[in-house]
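Structure, as structure tokens:
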Amino acid sequence: MEFAILSETFNKMESTRKRLELTQFLVELFEKTSNEVISKIVYLLQGKLRPDFEGVELGIAEKLAIRAISKSSGIPVKKIDEEYKKEGDLGHAASIILEQKTQTTFLVEDITVERVYETLLKIAKLEGARSQDMKIKYISSLLNDASPLEAKFILKILLGTLRLGVAENTVMDALAITFSENKENRKILQHAYNVSSDLGEVAETIAKKGLKGIEEFKITLFNPIRPMLADRIRSEEEAAEKFGSKFAAEYKLDGERVQLHIEGDKVILFSRSLENISNYYPDIIEKIPKRIQADNVILEAEAVAINENTGQFLPFQELMHRRRKYKIEKAVTQYPITVNFFDILFCNGSSCLEMDYKDRRTRLEKVLKEDEFAKHIPMAIMNNGDDVSEFMENSINAGSEGLMLKMLDKPYQAGSRGSHWLKLKREYQNELGDSLDLVVIGGYFGKGRRTGNYGTLLLATYDEDEDTFTSICKVGTGFTDESLDQLYQILNSKVTIKKNPRIDTEMEADVWFEPELVIEVVASEITISPIHKAARNKIRKDAGLALRFPKFTGKIRIEKTVEDASTNEEVITLYQGQKKVAHDKSLM
Ligand code: ATP
């Protein structure tokens with residue numbers, strides 16, 4: 001398939017943010033796409049080469065791309081640099097420059113999607129001393145044969161700046177329309193995606209085998225399953241109100257969620273955002289397979305840092321020390337953990353997702369033999385709000401965050417935040433009842449003791465419908481000197497010349513960041529805001545929502561992707577809950 005077709009579609013998609021239009025462009029594209037190439041197109045659309053969990057990173061530095069453009073066009077690096085500074089986007093700058101190309105190539109080879117994809121994959125896999133030169137060679141060979149528009153998108157993919165605003169849901173809508181003529185069939189596609197986390201494979205299956213193939217889609221060991229999430233509640237009474245009598249409560253431990261795929265000695269660990277995190281936990285890889293009494297399993301657990309002397313659970317931040325490339329063995333002994341299992345998703349070649357909670361827990365207890373390192377998460381059956389209060393107290397005393405409440409007769413709903421699991425967290429000094437995980441989009445230079453650091457950050461929620469990041473507050477409290485330094489280090493690599501188009505705000509900032517980092521904040525209240533863009537027009541026309549007195553909790557949520565950040569829907573729910581509490585209080 002000609003790459004020109006893809007780049008023309010990308011070009012049209014860049015000009016709109018409207019979901020219906022984007023879907024229509026995708027349908028037209030998929031109609032022209034052969035079954036052999038559709039998975040590649042689905043990955044490229046999202047600026048990827050493979051599903052996230054495979055960890056294939058292109059990671060081309062701008063400098064290297066500039067050298068490649070220069071090599072292919074004969075235009076000096078300095079001139080390209082200048083054009084880039086003017087345009088703020090290297091892909092766009094390259095397309096302008098290549099219009100004025102001075103070097104002519106005589107043998108022009110066709111640019112196909114297959115060729116671009118395979119070349120990009122080769123570039124991603126290059127390592128070692130000579131890899132830079134090889135990368136430049138591959139990139140310039142593509143650019144030699146590319147039209148300016150094709151070059152623009154090849155570079156955007158290479159640099160990770162292709163932002164078409166197509167969320168997974170939009171891709172699935174378009175697949176359902178193209179291959180089943182009915183958008184409603186998206187639900188069936190959604191299930192396949194939830195159990196495979198691989199949109200390319202889902203696309204190829206529906207293209208080749210139709211809806212029937214999708215209905216028969218099975219869990220594959222070592223492909224992560226998208227996790228089930230919980231709704232938040234504010235009180236023990238609310239638990240009893242929502243669940244009636246008889247439900248399960250488990251400790252909500254403050255660690256890292258780990259999905260373990262195990263067959264014999266082979267183990268792969270995935271994080272909450274489905275990143276392969278096996279390297280950080282050699283102790284889990286070594287010890288857990290010995291505790292498993294099944295041929296193969298997929299289990300879920302919370303890995304928690306502990307105080308080895310007292311056995312007390314330690315906060316999540318302790319696990320940050322394990323996120324390192326080197327000397328991981330030392331970190332393993334310095335920061336010991338226990339692994340606390342709470343679910344089983346697959347066992348001996350069959351899915352357990354359809355089993356109800358009770359049966360899954362029984363199966364889990366049979367399959368995993370406990371010891372000092374591997375534990376079943378503490379669980380008890382609740383009959384009323386009082387039971388919940390008592391168990392909550394035990395949980396907090398043990399050093400955990402609160403409780404997870406789970407309905408006994410419900411299946412595991414992969415990939416959804418449903419009402420079959422509820423989370424009840426210890427009260428923060430936070431009248432909202434829960435913290436928010438927000439995306440850092442901008443920064444302001446500090447004064448006084450904070451000179452040389454970002455003293456205040458501009459934060460955003462995730463707008464799922466638009467696939468954008470909408471500003472909700474500035475935060476300047478809750479930082480220690482250490483956390484300011486740490487944030488500065490992380491954020492400095494994310495500074496951009498121009499504001500990323502997915503950022504939706506009217507605020508100004510000293511610097512803009514690529515929306516890539518999530519931090520946790522608490523606040524006293526959610527208020528109507530004329531300036532912020534979160535939940536704009538949802539509660540009041542021409543106004544959004546903002547946080548009042550936001551405060552950083554000290555938690556950098558490295559395990560969350562920006563799409564996992566708090567959504568505008570969640571903020572609206574909190575806003576409405578807060579109004580209800582105020583109303584109830586006024587009646588007392
Ligand atoms: P939070 O920000 O509160 O950690 P989250 O958005 O990561 O929440 P939620 O579904 O809201 O996800 O809360 C569940 C999280 O709590 C899980 O992702 C997991 O890491 C953790 N957890 C701790 N104990 C349990 C448990 N017993 N069952 C399920 N999840 C647990």
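Just so we're on the same page: first chain in the structure tokens is A, next is B, and so on; residues restart at 1 for each chain, and ligands are numbered from 1 in the order they show up.
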Which neighbours of Thr505 of chain A fall inside 6 Å, counting only C-alpha atoms, when residues of the same chain fewer than 2 positions from it are skipped, and could you give them as a ChimeraX atom specification? /A:471,507,533
Show me which residues line ligand 1, defined as having an atom within 10 Å of a ligand atom where only C-alpha atoms and all ligand atoms count, and present them as a PyMOL selection string. chain A and resi 227-232+249-258+271-273+300-304+316+340-343+376-379+400-406+416-418+421-425+434-437+520+557+559-560+564-566
Output for the residues just chosen: C-alpha atoms as a CSV table (one decimal), in the first residue's frame:
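Final file, selection.csv:
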```csv
chain,number,residue,atom,x,y,z
A,227,PRO,CA,-6.9,-4.1,34.5
A,228,MET,CA,-10.2,-3.9,36.2
A,229,LEU,CA,-10.5,-0.6,38.2
A,230,ALA,CA,-12.6,0.6,41.1
A,231,ASP,CA,-15.1,3.4,41.7
A,232,ARG,CA,-14.4,5.5,44.8
A,249,ALA,CA,-13.3,-6.4,51.7
A,250,GLU,CA,-9.6,-6.6,51.0
A,251,TYR,CA,-6.8,-4.4,52.3
A,252,LYS,CA,-5.9,-1.7,49.7
A,253,LEU,CA,-2.2,-1.8,49.8
A,254,ASP,CA,-0.1,1.2,48.7
A,255,GLY,CA,2.3,-0.5,46.3
A,256,GLU,CA,2.7,-1.2,42.6
A,257,ARG,CA,0.1,-3.3,40.8
A,258,VAL,CA,1.7,-6.2,39.1
A,271,SER,CA,2.6,-2.7,35.5
A,272,ARG,CA,-0.8,-1.1,35.8
A,273,SER,CA,-0.2,0.7,32.5
A,300,GLU,CA,-2.6,-10.0,39.9
A,301,ALA,CA,-0.8,-8.7,43.0
A,302,GLU,CA,0.3,-5.6,44.8
A,303,ALA,CA,4.1,-5.5,45.3
A,304,VAL,CA,4.6,-3.5,48.5
A,316,PHE,CA,4.6,3.4,47.5
A,340,ASN,CA,0.3,-9.7,47.9
A,341,PHE,CA,-2.0,-11.6,45.5
A,342,PHE,CA,-5.6,-10.5,45.0
A,343,ASP,CA,-6.8,-12.1,41.7
A,376,HIS,CA,-2.8,-13.7,49.7
A,377,ILE,CA,-4.0,-10.2,50.3
A,378,PRO,CA,-6.0,-10.0,53.6
A,379,MET,CA,-9.7,-10.5,52.9
A,400,SER,CA,-2.2,0.3,54.0
A,401,GLU,CA,-4.3,3.0,52.3
A,402,GLY,CA,-7.8,1.7,53.0
A,403,LEU,CA,-10.0,-1.0,51.6
A,404,MET,CA,-11.1,-2.4,48.3
A,405,LEU,CA,-14.6,-3.7,48.4
A,406,LYS,CA,-15.7,-6.3,45.9
A,416,SER,CA,-13.2,-1.0,32.9
A,417,ARG,CA,-13.8,1.1,36.0
A,418,GLY,CA,-17.0,-0.5,37.1
A,421,TRP,CA,-15.2,-2.9,42.9
A,422,LEU,CA,-15.2,0.1,45.2
A,423,LYS,CA,-12.3,1.8,46.9
A,424,LEU,CA,-12.5,3.5,50.3
A,425,LYS,CA,-9.3,5.4,51.2
A,434,ASP,CA,-10.0,11.5,47.3
A,435,SER,CA,-6.8,12.6,45.5
A,436,LEU,CA,-6.6,13.4,41.8
A,437,ASP,CA,-3.8,12.2,39.5
A,520,GLU,CA,-1.0,13.3,42.7
A,557,ARG,CA,2.7,8.5,39.7
A,559,GLU,CA,3.2,3.8,37.0
A,560,LYS,CA,0.4,5.8,35.3
A,564,ASP,CA,-4.7,7.0,33.2
A,565,ALA,CA,-4.8,10.4,34.8
A,566,SER,CA,-8.1,11.6,36.4
```
A:Asp542, A:Glu31, A:Asp386, A:Glu21: which is nearest Glu181 of chain A, counting only C-alpha atoms? A:Glu31
DSSP says helix (DSSP H, G or I) for which residues of segment 135-253 of chain A? Put them as number ranges by chain? A: 135-145, 148-159, 168-180, 183-196, 199-215, 236-243
Choose the residue, out of A:Gly160, A:Pro76, A:Pro315, A:Gly88, that has the smallest atom-to-atom separation from Ile60 of chain A; count only C-alpha atoms. A:Gly160
Interatomic distance between atom CA of Thr220 of chain A and atom CA of Ser196 of chain A?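 Distance between the two atoms: 7.0 Å.
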To one decimal place in Å, what is the distance between atom CA of Val37 of chain A and atom CA of Val113 of chain A?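 Going from atom CA of Val37 of chain A over to atom CA of Val113 of chain A, I get 7.8 Å.
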Determine, counting only C-alpha atoms, which protein, DNA and RNA residues have an atom within 12 Å of an atom of Lys12 of chain A; residues of the same chain fewer than 2 positions away are not included. Present the result as a PDB file with N, CA, C and O atoms, in the first residue's frame.
```
ATOM      1  N   ILE A   5      -1.067   7.366   0.637  1.00  0.00           N
ATOM      2  CA  ILE A   5      -2.472   7.296   1.073  1.00  0.00           C
ATOM      3  C   ILE A   5      -2.545   7.565   2.575  1.00  0.00           C
ATOM      4  O   ILE A   5      -3.394   8.307   3.061  1.00  0.00           O
ATOM      5  N   LEU A   6      -1.601   6.955   3.280  1.00  0.00           N
ATOM      6  CA  LEU A   6      -1.588   7.130   4.744  1.00  0.00           C
ATOM      7  C   LEU A   6      -1.251   8.579   5.112  1.00  0.00           C
ATOM      8  O   LEU A   6      -1.904   9.177   5.976  1.00  0.00           O
ATOM      9  N   SER A   7      -0.260   9.149   4.435  1.00  0.00           N
ATOM     10  CA  SER A   7       0.114  10.513   4.848  1.00  0.00           C
ATOM     11  C   SER A   7      -0.968  11.523   4.486  1.00  0.00           C
ATOM     12  O   SER A   7      -1.173  12.492   5.224  1.00  0.00           O
ATOM     13  N   GLU A   8      -1.691  11.264   3.402  1.00  0.00           N
ATOM     14  CA  GLU A   8      -2.801  12.186   3.100  1.00  0.00           C
ATOM     15  C   GLU A   8      -3.888  12.086   4.169  1.00  0.00           C
ATOM     16  O   GLU A   8      -4.459  13.086   4.584  1.00  0.00           O
ATOM     17  N   THR A   9      -4.158  10.856   4.612  1.00  0.00           N
ATOM     18  CA  THR A   9      -5.159  10.700   5.690  1.00  0.00           C
ATOM     19  C   THR A   9      -4.673  11.393   6.961  1.00  0.00           C
ATOM     20  O   THR A   9      -5.416  12.106   7.620  1.00  0.00           O
ATOM     21  N   PHE A  10      -3.407  11.174   7.315  1.00  0.00           N
ATOM     22  CA  PHE A  10      -2.854  11.824   8.512  1.00  0.00           C
ATOM     23  C   PHE A  10      -3.016  13.339   8.406  1.00  0.00           C
ATOM     24  O   PHE A  10      -3.362  14.011   9.363  1.00  0.00           O
ATOM     25  N   GLU A  14      -5.072  15.691  10.996  1.00  0.00           N
ATOM     26  CA  GLU A  14      -4.441  16.737  11.812  1.00  0.00           C
ATOM     27  C   GLU A  14      -5.252  18.030  11.841  1.00  0.00           C
ATOM     28  O   GLU A  14      -5.092  18.844  12.737  1.00  0.00           O
ATOM     29  N   SER A  15      -6.148  18.174  10.839  1.00  0.00           N
ATOM     30  CA  SER A  15      -6.867  19.442  10.748  1.00  0.00           C
ATOM     31  C   SER A  15      -8.157  19.447  11.560  1.00  0.00           C
ATOM     32  O   SER A  15      -8.901  20.408  11.540  1.00  0.00           O
ATOM     33  N   THR A  16      -8.477  18.343  12.239  1.00  0.00           N
ATOM     34  CA  THR A  16      -9.709  18.344  13.027  1.00  0.00           C
ATOM     35  C   THR A  16      -9.485  17.678  14.378  1.00  0.00           C
ATOM     36  O   THR A  16      -8.556  16.881  14.530  1.00  0.00           O
ATOM     37  N   ARG A  17     -10.341  17.984  15.342  1.00  0.00           N
ATOM     38  CA  ARG A  17     -10.313  17.275  16.618  1.00  0.00           C
ATOM     39  C   ARG A  17     -11.670  16.609  16.844  1.00  0.00           C
ATOM     40  O   ARG A  17     -11.918  16.013  17.870  1.00  0.00           O
ATOM     41  N   LYS A  18     -12.562  16.747  15.859  1.00  0.00           N
ATOM     42  CA  LYS A  18     -13.909  16.216  16.045  1.00  0.00           C
ATOM     43  C   LYS A  18     -13.906  14.701  15.861  1.00  0.00           C
ATOM     44  O   LYS A  18     -13.473  14.191  14.829  1.00  0.00           O
ATOM     45  N   GLU A  21     -15.593  13.166  12.691  1.00  0.00           N
ATOM     46  CA  GLU A  21     -14.811  13.361  11.462  1.00  0.00           C
ATOM     47  C   GLU A  21     -13.609  12.428  11.436  1.00  0.00           C
ATOM     48  O   GLU A  21     -13.314  11.807  10.419  1.00  0.00           O
ATOM     49  N   LEU A  22     -12.942  12.333  12.595  1.00  0.00           N
ATOM     50  CA  LEU A  22     -11.771  11.444  12.665  1.00  0.00           C
ATOM     51  C   LEU A  22     -12.188  10.019  12.336  1.00  0.00           C
ATOM     52  O   LEU A  22     -11.503   9.300  11.602  1.00  0.00           O
ATOM     53  N   THR A  23     -13.333   9.599  12.895  1.00  0.00           N
ATOM     54  CA  THR A  23     -13.810   8.233  12.652  1.00  0.00           C
ATOM     55  C   THR A  23     -14.039   8.032  11.152  1.00  0.00           C
ATOM     56  O   THR A  23     -13.649   7.015  10.586  1.00  0.00           O
ATOM     57  N   GLN A  24     -14.667   9.015  10.529  1.00  0.00           N
ATOM     58  CA  GLN A  24     -14.970   8.904   9.102  1.00  0.00           C
ATOM     59  C   GLN A  24     -13.687   8.787   8.272  1.00  0.00           C
ATOM     60  O   GLN A  24     -13.587   7.950   7.383  1.00  0.00           O
ATOM     61  N   PHE A  25     -12.664   9.583   8.614  1.00  0.00           N
ATOM     62  CA  PHE A  25     -11.384   9.480   7.900  1.00  0.00           C
ATOM     63  C   PHE A  25     -10.791   8.085   8.045  1.00  0.00           C
ATOM     64  O   PHE A  25     -10.239   7.518   7.106  1.00  0.00           O
ATOM     65  N   LEU A  26     -10.936   7.542   9.257  1.00  0.00           N
ATOM     66  CA  LEU A  26     -10.375   6.211   9.493  1.00  0.00           C
ATOM     67  C   LEU A  26     -11.124   5.152   8.694  1.00  0.00           C
ATOM     68  O   LEU A  26     -10.518   4.230   8.130  1.00  0.00           O
ATOM     69  N   GLU A  28     -12.660   5.520   5.881  1.00  0.00           N
ATOM     70  CA  GLU A  28     -12.224   5.627   4.476  1.00  0.00           C
ATOM     71  C   GLU A  28     -10.842   5.001   4.284  1.00  0.00           C
ATOM     72  O   GLU A  28     -10.583   4.340   3.281  1.00  0.00           O
ATOM     73  N   LEU A  29      -9.987   5.185   5.280  1.00  0.00           N
ATOM     74  CA  LEU A  29      -8.637   4.604   5.199  1.00  0.00           C
ATOM     75  C   LEU A  29      -8.703   3.077   5.277  1.00  0.00           C
ATOM     76  O   LEU A  29      -8.099   2.374   4.459  1.00  0.00           O
ATOM     77  N   LEU A 149       5.230  15.829   2.049  1.00  0.00           N
ATOM     78  CA  LEU A 149       4.178  15.435   3.001  1.00  0.00           C
ATOM     79  C   LEU A 149       4.510  14.100   3.669  1.00  0.00           C
ATOM     80  O   LEU A 149       4.350  13.925   4.882  1.00  0.00           O
ATOM     81  N   LEU A 164      -2.493  12.548  16.418  1.00  0.00           N
ATOM     82  CA  LEU A 164      -3.668  12.703  15.576  1.00  0.00           C
ATOM     83  C   LEU A 164      -4.938  12.831  16.392  1.00  0.00           C
ATOM     84  O   LEU A 164      -6.007  13.090  15.858  1.00  0.00           O
ATOM     85  N   GLY A 165      -4.802  12.638  17.692  1.00  0.00           N
ATOM     86  CA  GLY A 165      -5.991  12.758  18.548  1.00  0.00           C
ATOM     87  C   GLY A 165      -6.932  11.583  18.393  1.00  0.00           C
ATOM     88  O   GLY A 165      -8.119  11.705  18.644  1.00  0.00           O
TER      89      GLY A 165
END
```
Could you please determine the separation between atom CA of Leu574 of chain A and atom CA of Phe313 of chain A in Å, to one decimal place? 29.1 Å
Have a look at A:Arg450, A:Gly74, A:Leu90, A:Lys32 and name the one nearest to Ser483 of chain A; count only C-alpha atoms. A:Arg450
